[in-house]
Structure formats: structure tokens, C-alpha cells
>>> print(open('coords21.txt').read())   # compact mmCIF, C-alpha atoms and all ligand atoms
# COMPACT_ATOMS: atom_id res chain seq x y z
CA MET A 1 -34.01 9.29 14.88
CA GLN A 2 -31.30 6.83 13.89
CA GLY A 3 -28.95 5.62 16.60
CA VAL A 4 -25.18 5.55 16.55
CA ALA A 5 -23.21 2.92 18.34
CA LEU A 6 -20.45 5.31 19.30
CA PRO A 7 -20.61 8.85 20.64
CA PRO A 8 -19.64 11.52 18.12
CA PRO A 9 -16.51 13.60 18.64
CA ALA A 10 -17.16 17.13 19.88
CA HIS A 11 -16.26 18.92 16.65
CA ILE A 12 -16.81 17.62 13.13
CA GLY A 13 -15.92 19.47 9.93
CA ILE A 14 -17.40 18.60 6.55
CA ILE A 15 -16.19 19.62 3.10
CA MET A 16 -19.33 19.31 0.96
CA ASP A 17 -17.86 18.14 -2.32
CA GLY A 18 -19.15 16.41 -5.42
CA ASN A 19 -22.30 18.37 -6.25
CA GLY A 20 -21.11 19.04 -9.80
CA ARG A 21 -20.29 15.39 -10.47
CA TRP A 22 -23.62 14.33 -8.94
CA ALA A 23 -25.42 16.67 -11.36
CA LYS A 24 -23.46 15.23 -14.29
CA GLN A 25 -24.34 11.68 -13.25
CA HIS A 26 -28.01 12.71 -13.26
CA PHE A 27 -27.76 14.63 -16.59
CA GLN A 28 -28.64 17.86 -14.77
CA PRO A 29 -27.06 21.33 -14.69
CA ARG A 30 -24.50 21.93 -11.93
CA SER A 31 -26.91 24.28 -10.15
CA LEU A 32 -29.23 21.31 -9.53
CA GLY A 33 -26.34 19.41 -7.96
CA HIS A 34 -25.83 22.32 -5.58
CA ARG A 35 -29.56 22.35 -4.82
CA ALA A 36 -29.41 18.63 -3.94
CA GLY A 37 -26.30 19.38 -1.87
CA ALA A 38 -28.08 22.17 0.00
CA GLN A 39 -31.00 19.85 0.78
CA ASN A 40 -28.52 17.33 2.15
CA PHE A 41 -26.84 20.04 4.19
CA ARG A 42 -30.15 20.42 6.07
CA THR A 43 -30.53 16.66 6.57
CA ILE A 44 -26.99 16.09 7.84
CA THR A 45 -27.00 19.20 10.05
CA ARG A 46 -30.21 18.07 11.74
CA TYR A 47 -28.86 14.56 12.17
CA ALA A 48 -25.55 15.78 13.62
CA SER A 49 -27.42 17.90 16.13
CA ARG A 50 -29.65 14.97 17.14
CA ILE A 51 -26.76 12.56 17.77
CA GLY A 52 -25.04 15.09 20.02
CA VAL A 53 -22.33 16.73 17.91
CA LYS A 54 -21.36 19.91 19.78
CA TYR A 55 -19.72 21.80 16.90
CA LEU A 56 -20.29 21.22 13.20
CA THR A 57 -18.33 23.24 10.67
CA ILE A 58 -19.55 23.08 7.09
CA TYR A 59 -17.54 24.37 4.13
CA ALA A 60 -20.14 26.02 1.92
CA PHE A 61 -18.15 28.53 -0.16
CA SER A 62 -14.42 29.11 -0.30
CA THR A 63 -12.52 32.30 -1.08
CA GLU A 64 -11.51 30.52 -4.32
CA ASN A 65 -15.08 29.63 -5.39
CA TRP A 66 -15.59 33.16 -6.79
CA THR A 67 -13.48 32.05 -9.78
CA ARG A 68 -16.29 29.70 -10.95
CA PRO A 69 -18.44 30.80 -13.92
CA ALA A 70 -20.70 33.75 -13.02
CA ASP A 71 -23.92 31.76 -13.53
CA GLU A 72 -22.75 29.07 -11.07
CA VAL A 73 -21.74 31.68 -8.47
CA GLY A 74 -25.13 33.39 -8.99
CA ALA A 75 -26.96 30.07 -8.54
CA LEU A 76 -25.01 29.41 -5.32
CA MET A 77 -25.86 32.87 -3.97
CA ARG A 78 -29.57 32.26 -4.66
CA LEU A 79 -29.32 28.88 -2.93
CA PHE A 80 -27.69 30.43 0.13
CA LYS A 81 -30.63 32.83 0.41
CA ASP A 82 -33.31 30.15 -0.10
CA TYR A 83 -31.72 27.59 2.16
CA LEU A 84 -30.70 29.95 4.91
CA GLN A 85 -34.32 31.08 5.12
CA GLU A 86 -35.60 27.49 5.18
CA ALA A 87 -32.86 26.24 7.45
CA LEU A 88 -33.56 29.06 9.90
CA ARG A 89 -36.72 27.22 10.96
CA ASP A 90 -34.79 23.94 11.46
CA PHE A 91 -32.14 25.71 13.47
CA MET A 92 -34.77 27.22 15.75
CA ASP A 93 -36.54 23.86 16.24
CA GLU A 94 -33.28 22.02 16.85
CA ASN A 95 -31.83 24.61 19.26
CA ILE A 96 -28.87 25.14 16.89
CA ARG A 97 -26.68 28.23 17.17
CA VAL A 98 -25.41 29.37 13.79
CA ARG A 99 -22.20 31.27 13.28
CA PHE A 100 -20.63 32.32 10.02
CA ILE A 101 -16.91 32.03 9.49
CA GLY A 102 -15.31 33.83 6.57
CA ASP A 103 -15.39 37.30 5.07
CA VAL A 104 -19.15 37.73 4.72
CA ALA A 105 -18.74 41.44 3.86
CA ALA A 106 -18.12 40.31 0.26
CA PHE A 107 -21.71 39.07 -0.14
CA SER A 108 -24.63 41.13 -1.44
CA PRO A 109 -26.39 43.41 1.10
CA ASP A 110 -29.51 41.19 1.21
CA LEU A 111 -27.47 38.02 1.84
CA GLN A 112 -25.48 39.87 4.51
CA ALA A 113 -28.75 40.96 6.12
CA LEU A 114 -29.95 37.34 6.15
CA ILE A 115 -26.64 36.19 7.63
CA ALA A 116 -27.03 38.81 10.39
CA GLU A 117 -30.64 37.73 10.99
CA VAL A 118 -29.72 34.04 11.29
CA THR A 119 -26.79 34.84 13.58
CA GLN A 120 -28.91 37.05 15.80
CA ALA A 121 -31.98 34.81 15.86
CA SER A 122 -29.96 31.79 16.94
CA ALA A 123 -27.56 33.57 19.31
CA THR A 124 -29.35 32.38 22.43
CA LYS A 125 -29.62 28.75 21.30
CA THR A 126 -27.79 26.34 23.54
CA GLY A 127 -27.48 23.23 21.37
CA MET A 128 -25.02 22.43 18.60
CA VAL A 129 -22.95 25.27 17.20
CA LEU A 130 -23.07 25.25 13.40
CA ASN A 131 -20.22 27.15 11.80
CA LEU A 132 -21.05 27.93 8.20
CA ALA A 133 -17.84 28.65 6.33
CA MET A 134 -18.82 31.12 3.62
CA ASN A 135 -16.24 33.06 1.64
CA TYR A 136 -13.87 31.23 3.93
CA GLY A 137 -10.19 30.50 3.34
CA GLY A 138 -7.83 29.12 5.96
CA ARG A 139 -4.89 31.18 4.75
CA ALA A 140 -6.96 34.38 4.66
CA GLU A 141 -8.18 33.65 8.20
CA ILE A 142 -4.58 33.34 9.47
CA VAL A 143 -3.48 36.50 7.65
CA GLU A 144 -6.45 38.43 9.08
CA ALA A 145 -5.65 37.19 12.59
CA ALA A 146 -2.00 38.25 12.18
CA LYS A 147 -3.06 41.70 10.93
CA THR A 148 -5.46 42.25 13.82
CA PHE A 149 -2.82 41.27 16.33
CA ALA A 150 -0.20 43.50 14.64
CA GLN A 151 -2.62 46.44 14.78
CA LYS A 152 -3.07 45.88 18.51
CA VAL A 153 0.69 45.83 18.99
CA GLU A 154 1.02 49.06 16.98
CA ALA A 155 -1.69 50.66 19.12
CA GLY A 156 0.23 49.62 22.25
CA ALA A 157 -2.58 47.31 23.44
CA CYS A 158 -0.47 44.11 23.21
CA HIS A 159 3.16 43.04 23.24
CA SER A 160 4.52 40.87 20.45
CA GLN A 161 6.38 38.70 22.96
CA ASP A 162 3.04 37.71 24.53
CA LEU A 163 1.93 35.98 21.34
CA ASP A 164 1.63 32.22 21.65
CA GLU A 165 -0.66 29.62 20.09
CA THR A 166 -3.40 30.09 22.67
CA LEU A 167 -3.46 33.85 22.20
CA PHE A 168 -3.27 33.59 18.41
CA GLU A 169 -6.33 31.31 18.36
CA GLN A 170 -8.36 34.08 19.90
CA TYR A 171 -7.98 36.03 16.66
CA LEU A 172 -9.39 33.25 14.49
CA TYR A 173 -13.07 32.99 13.47
CA THR A 174 -13.34 29.91 15.69
CA ALA A 175 -12.10 31.67 18.85
CA GLY A 176 -13.31 29.89 21.96
CA GLN A 177 -14.21 26.66 20.13
CA PRO A 178 -12.34 23.36 20.28
CA SER A 179 -10.38 22.33 17.18
CA PRO A 180 -12.11 19.82 14.88
CA ASP A 181 -11.56 16.20 15.86
CA LEU A 182 -12.81 14.74 12.61
CA ILE A 183 -12.93 16.20 9.11
CA ILE A 184 -14.96 14.40 6.48
CA ARG A 185 -14.59 14.93 2.76
CA PRO A 186 -16.89 13.02 0.45
CA SER A 187 -16.49 12.87 -3.36
CA GLY A 188 -13.21 10.95 -3.57
CA GLU A 189 -10.90 13.98 -3.43
CA GLN A 190 -8.28 13.70 -0.71
CA ARG A 191 -7.13 17.21 0.04
CA VAL A 192 -7.79 19.95 2.58
CA SER A 193 -8.58 22.77 0.10
CA ASN A 194 -7.82 25.66 2.47
CA PHE A 195 -10.32 24.43 5.10
CA LEU A 196 -9.54 25.15 8.78
CA LEU A 197 -5.80 25.15 8.11
CA TRP A 198 -4.79 26.18 11.62
CA GLN A 199 -7.50 24.21 13.39
CA CYS A 200 -6.98 20.90 11.54
CA ALA A 201 -3.48 20.35 12.96
CA TYR A 202 -4.53 17.16 14.78
CA ALA A 203 -7.85 16.37 13.13
CA GLU A 204 -8.53 12.86 11.86
CA PHE A 205 -9.47 12.88 8.18
CA VAL A 206 -12.01 10.53 6.64
CA PHE A 207 -12.41 10.51 2.86
CA PHE A 208 -15.34 8.79 1.20
CA ASP A 209 -16.01 7.92 -2.43
CA ILE A 210 -19.56 9.26 -2.15
CA LEU A 211 -20.76 12.47 -3.75
CA TRP A 212 -22.11 14.98 -1.22
CA PRO A 213 -25.80 14.83 -2.27
CA ASP A 214 -25.65 11.03 -1.71
CA PHE A 215 -23.96 11.29 1.70
CA LYS A 216 -26.39 9.81 4.23
CA PRO A 217 -26.73 9.97 8.01
CA GLU A 218 -25.39 6.36 8.03
CA ASP A 219 -22.23 7.67 6.35
CA LEU A 220 -21.79 10.13 9.19
CA ASP A 221 -22.14 7.19 11.60
CA ARG A 222 -19.55 5.29 9.56
CA ALA A 223 -17.11 8.23 9.68
CA ILE A 224 -17.58 8.39 13.46
CA ALA A 225 -16.86 4.65 13.75
CA ILE A 226 -13.68 5.11 11.68
CA TYR A 227 -12.72 8.03 13.92
CA HIS A 228 -13.06 5.78 16.97
CA SER A 229 -10.85 3.15 15.34
CA ARG A 230 -7.99 5.65 15.07
CA GLN A 231 -5.45 6.23 17.77
CA ARG A 232 -4.91 9.94 18.32
CA ARG A 233 -1.46 10.69 19.68
CA PHE A 234 -1.18 14.48 19.19
CA GLY A 235 2.52 14.05 18.44
CA GLY A 236 3.12 11.88 21.51
CA VAL A 237 3.53 8.09 21.60
C1 LIG A 301 -18.50 21.64 -3.95
O1 LIG A 301 -18.95 20.77 -4.98
C2 LIG A 301 -19.63 22.42 -3.42
C3 LIG A 301 -19.71 23.78 -3.39
C4 LIG A 301 -18.64 24.65 -3.90
C5 LIG A 301 -20.92 24.49 -2.89
C6 LIG A 301 -21.58 23.87 -1.69
C7 LIG A 301 -22.76 24.66 -1.30
C8 LIG A 301 -24.00 24.16 -1.07
C9 LIG A 301 -24.30 22.71 -1.15
C10 LIG A 301 -25.10 25.10 -0.66
C11 LIG A 301 -25.32 24.95 0.83
C12 LIG A 301 -26.27 25.92 1.36
C13 LIG A 301 -26.15 26.52 2.57
C14 LIG A 301 -27.22 27.44 3.02
C15 LIG A 301 -24.99 26.31 3.48
P1 LIG A 301 -18.35 20.95 -6.45
O2 LIG A 301 -19.18 21.90 -7.20
O3 LIG A 301 -16.91 21.34 -6.37
O4 LIG A 301 -18.49 19.49 -7.02
P2 LIG A 301 -17.59 18.84 -8.15
O5 LIG A 301 -16.18 18.76 -7.59
O6 LIG A 301 -18.19 17.49 -8.34
O7 LIG A 301 -17.67 19.70 -9.36
>>> encode(input="coords21.txt", output="C-alpha cells")
Amino acid sequence: MQGVALPPPAHIGIIMDGNGRWAKQHFQPRSLGHRAGAQNFRTITRYASRIGVKYLTIYAFSTENWTRPADEVGALMRLFKDYLQEALRDFMDENIRVRFIGDVAAFSPDLQALIAEVTQASATKTGMVLNLAMNYGGRAEIVEAAKTFAQKVEAGACHSQDLDETLFEQYLYTAGQPSPDLIIRPSGEQRVSNFLLWQCAYAEFVFFDILWPDFKPEDLDRAIAIYHSRQRRFGGV
């Protein structure tokens, strides 16, 4: 296990980006870039758990990713199945609890069954919580939360005047979890891309010019060091 000089923040989010460009650099099809990215997902997840990250949220598939060519979407769905099965063993060994955030009902029945199996099998784990964002969109999450709350008001179970930020958070996929402290996006892009829109209000962002398959445990250490060099003021002085 590699050591870090500084303790990690409680909640880290990662936007896995750059698989396509990595594939291009290696004269490979995009699907191979995603395969390399999925392998790295296992490596970084294990490392994060070992250095004491409490919550890790990984952006694996956005609500917008369905617009990619059908063969790329198909390759990603196959990867999810392969890697979830393989990663299941890691999660068990590492005491990781896996949760899925996003509208997983849109996936095929066999992928949904695997998602349910992973969720159930790891439910009693007490180590790091891994949130896998799959068919996730921040805007969709907020709209869903608003709808659920409105339905409760209509049913007479809640009063609209009781709604505040704390109550609203209970309707999000991440209910009960702390907001991310640090969000890392490799690949050189510097945007949020619909990731944890509500939850990222006071997150520190670190952008790296590294493509996701090349992102190493040392880069996670580096992002944590950058995080510690920032002064978080949460709107205060
Ligand atoms: C973004 O890179 C990456 C994705 C849309 C897919 C990420 C998914 C995986 C790595 C599979 C992980 C597996 C599990 C089980 C969680 P991009 O294609 O947008 O890269 P580009 O911008 O260079 O084209």
C-alpha cells in the first residue's frame, strides 16, 4: 500500500474522463479505452478505500451518454456487467459498500439484477461507501426529488412550508451522506457535466491533464495535497 502524507477528505467524487482520447493515442477502438478505464476504476477504488476515503462517488454513465453511437453504448453495457462481477470480489475483500445513484431502471434486466446483487451483497459492509453514478444526471436527480416531495404534499404527508435544504437533501440519491469535499476531473476538460449539481455547491475542484486510464494512485495523492492547500470558506471569510 502506498502512503499519503495528508489524510483524504471524507467524500471524493471522480469524473472518469478521457477514455476515448486514450484509445486514440494508442490506435485502439474507443471500447478498449473504456476497458482500460474500467480496469483503472478498480485500481483507484481499492486505493481510495485503503487510504481511508469514507465516500467515493464515481461518474460511470450519464443520462446524456445514451446519445453515443449504439456500438459504444453496447460496449459500455458489456463492460459494466464484466467489471461489476469482477469488482464484486474486490468490494467484498475491501469491506466496501456499493450504492448506485441514477435511474438504473433504464438498464437491461440482467444488468439491473447484477446491480441489485452488488447492492445487496455489500449492504452490510462497513468500510468506504462507493456510489456508482450510472444513468445519473444532476438535473434529473433534482427534478425527481422535487416530484417526490410534491407527491407527498399532494397526499397530505408533508407541508410545502416545511421544505428547506436539509429536508430536500433527503430526497436525493445521496440522502444521509456528506456532500463531496473534492471533485477530480482528469482529461483536461474543466466542467461539471451534470455531476452532483446540488451536492457540489462547496466542493473543491481539481482538474488534471491526464487521461483517466493513466490516472494513478499518486495522482489521487496529488489531488488530496492540492485540496489541503485550498482554503475552504463556505461563503464566509
Ligand atoms: C468518459 O470518457 C467515460 C465514460 C463515458 C465511461 C466511463 C465508464 C467506465 C470506465 C466503465 C467503468 C465500469 C464500472 C463497472 C463502473 P470519454 O469516452 O468521454 O472520453 P473522451 O472524452 O476522451 O472521448
>>> closest_residue(input="coords21.txt", among="A:Gly18, A:Gly74, A:Gly127, A:Gly137", to="A:Val104", atoms="only C-alpha atoms")
A:Gly137
>>> residues_near_ligand(input="coords21.txt", ligand="ligand LIG 301 (chain A)", cutoff="8 Å", atoms="all atoms listed in the file", output="PyMOL selection string")
chain A and resi 15-23+30+33-41+58-62+65+76+79-84+87+132+134+187+211-212
>>> atom_distance(input="coords21.txt", atom1="atom CA of A:Ala146", atom2="atom CA of A:Ala203")
22.7 Å
>>> residues_around(input="coords21.txt", residues="A:Ile44", least_positions_apart="6", cutoff="12 Å", atoms="all atoms listed in the file", output="VMD selection string")
chain A and resid 2 12 to 14 16 37 to 38 50 to 51 53 56 to 58 87 90 130 212 to 221
>>> residues_near_point(input="coords21.txt", point="(-16.4, 6.1, 9.1)", cutoff="12 Å", atoms="only C-alpha atoms", output="ChimeraX atom specification")
/A:4-6,8,182-186,204-209,215-230
>>> write_last_selection(input="coords21.txt", atoms="C-alpha atoms", output="PDB file, in the frame of the given file")
ATOM      1  CA  VAL A   4     -25.180   5.550  16.550  1.00  0.00           C
ATOM      2  CA  ALA A   5     -23.210   2.920  18.340  1.00  0.00           C
ATOM      3  CA  LEU A   6     -20.450   5.310  19.300  1.00  0.00           C
ATOM      4  CA  PRO A   8     -19.640  11.520  18.120  1.00  0.00           C
ATOM      5  CA  LEU A 182     -12.810  14.740  12.610  1.00  0.00           C
ATOM      6  CA  ILE A 183     -12.930  16.200   9.110  1.00  0.00           C
ATOM      7  CA  ILE A 184     -14.960  14.400   6.480  1.00  0.00           C
ATOM      8  CA  ARG A 185     -14.590  14.930   2.760  1.00  0.00           C
ATOM      9  CA  PRO A 186     -16.890  13.020   0.450  1.00  0.00           C
ATOM     10  CA  GLU A 204      -8.530  12.860  11.860  1.00  0.00           C
ATOM     11  CA  PHE A 205      -9.470  12.880   8.180  1.00  0.00           C
ATOM     12  CA  VAL A 206     -12.010  10.530   6.640  1.00  0.00           C
ATOM     13  CA  PHE A 207     -12.410  10.510   2.860  1.00  0.00           C
ATOM     14  CA  PHE A 208     -15.340   8.790   1.200  1.00  0.00           C
ATOM     15  CA  ASP A 209     -16.010   7.920  -2.430  1.00  0.00           C
ATOM     16  CA  PHE A 215     -23.960  11.290   1.700  1.00  0.00           C
ATOM     17  CA  LYS A 216     -26.390   9.810   4.230  1.00  0.00           C
ATOM     18  CA  PRO A 217     -26.730   9.970   8.010  1.00  0.00           C
ATOM     19  CA  GLU A 218     -25.390   6.360   8.030  1.00  0.00           C
ATOM     20  CA  ASP A 219     -22.230   7.670   6.350  1.00  0.00           C
ATOM     21  CA  LEU A 220     -21.790  10.130   9.190  1.00  0.00           C
ATOM     22  CA  ASP A 221     -22.140   7.190  11.600  1.00  0.00           C
ATOM     23  CA  ARG A 222     -19.550   5.290   9.560  1.00  0.00           C
ATOM     24  CA  ALA A 223     -17.110   8.230   9.680  1.00  0.00           C
ATOM     25  CA  ILE A 224     -17.580   8.390  13.460  1.00  0.00           C
ATOM     26  CA  ALA A 225     -16.860   4.650  13.750  1.00  0.00           C
ATOM     27  CA  ILE A 226     -13.680   5.110  11.680  1.00  0.00           C
ATOM     28  CA  TYR A 227     -12.720   8.030  13.920  1.00  0.00           C
ATOM     29  CA  HIS A 228     -13.060   5.780  16.970  1.00  0.00           C
ATOM     30  CA  SER A 229     -10.850   3.150  15.340  1.00  0.00           C
ATOM     31  CA  ARG A 230      -7.990   5.650  15.070  1.00  0.00           C
TER      32      ARG A 230
END
>>> closest_residue(input="coords21.txt", among="A:Tyr202, A:Trp66, A:Phe195, A:Tyr55", to="A:Arg233", atoms="all atoms listed in the file")
A:Tyr202
>>> residues_around(input="coords21.txt", residues="A:Ala106", least_positions_apart="4", cutoff="10 Å", atoms="only C-alpha atoms", output="ChimeraX atom specification")
/A:63,102,111-112,134-135
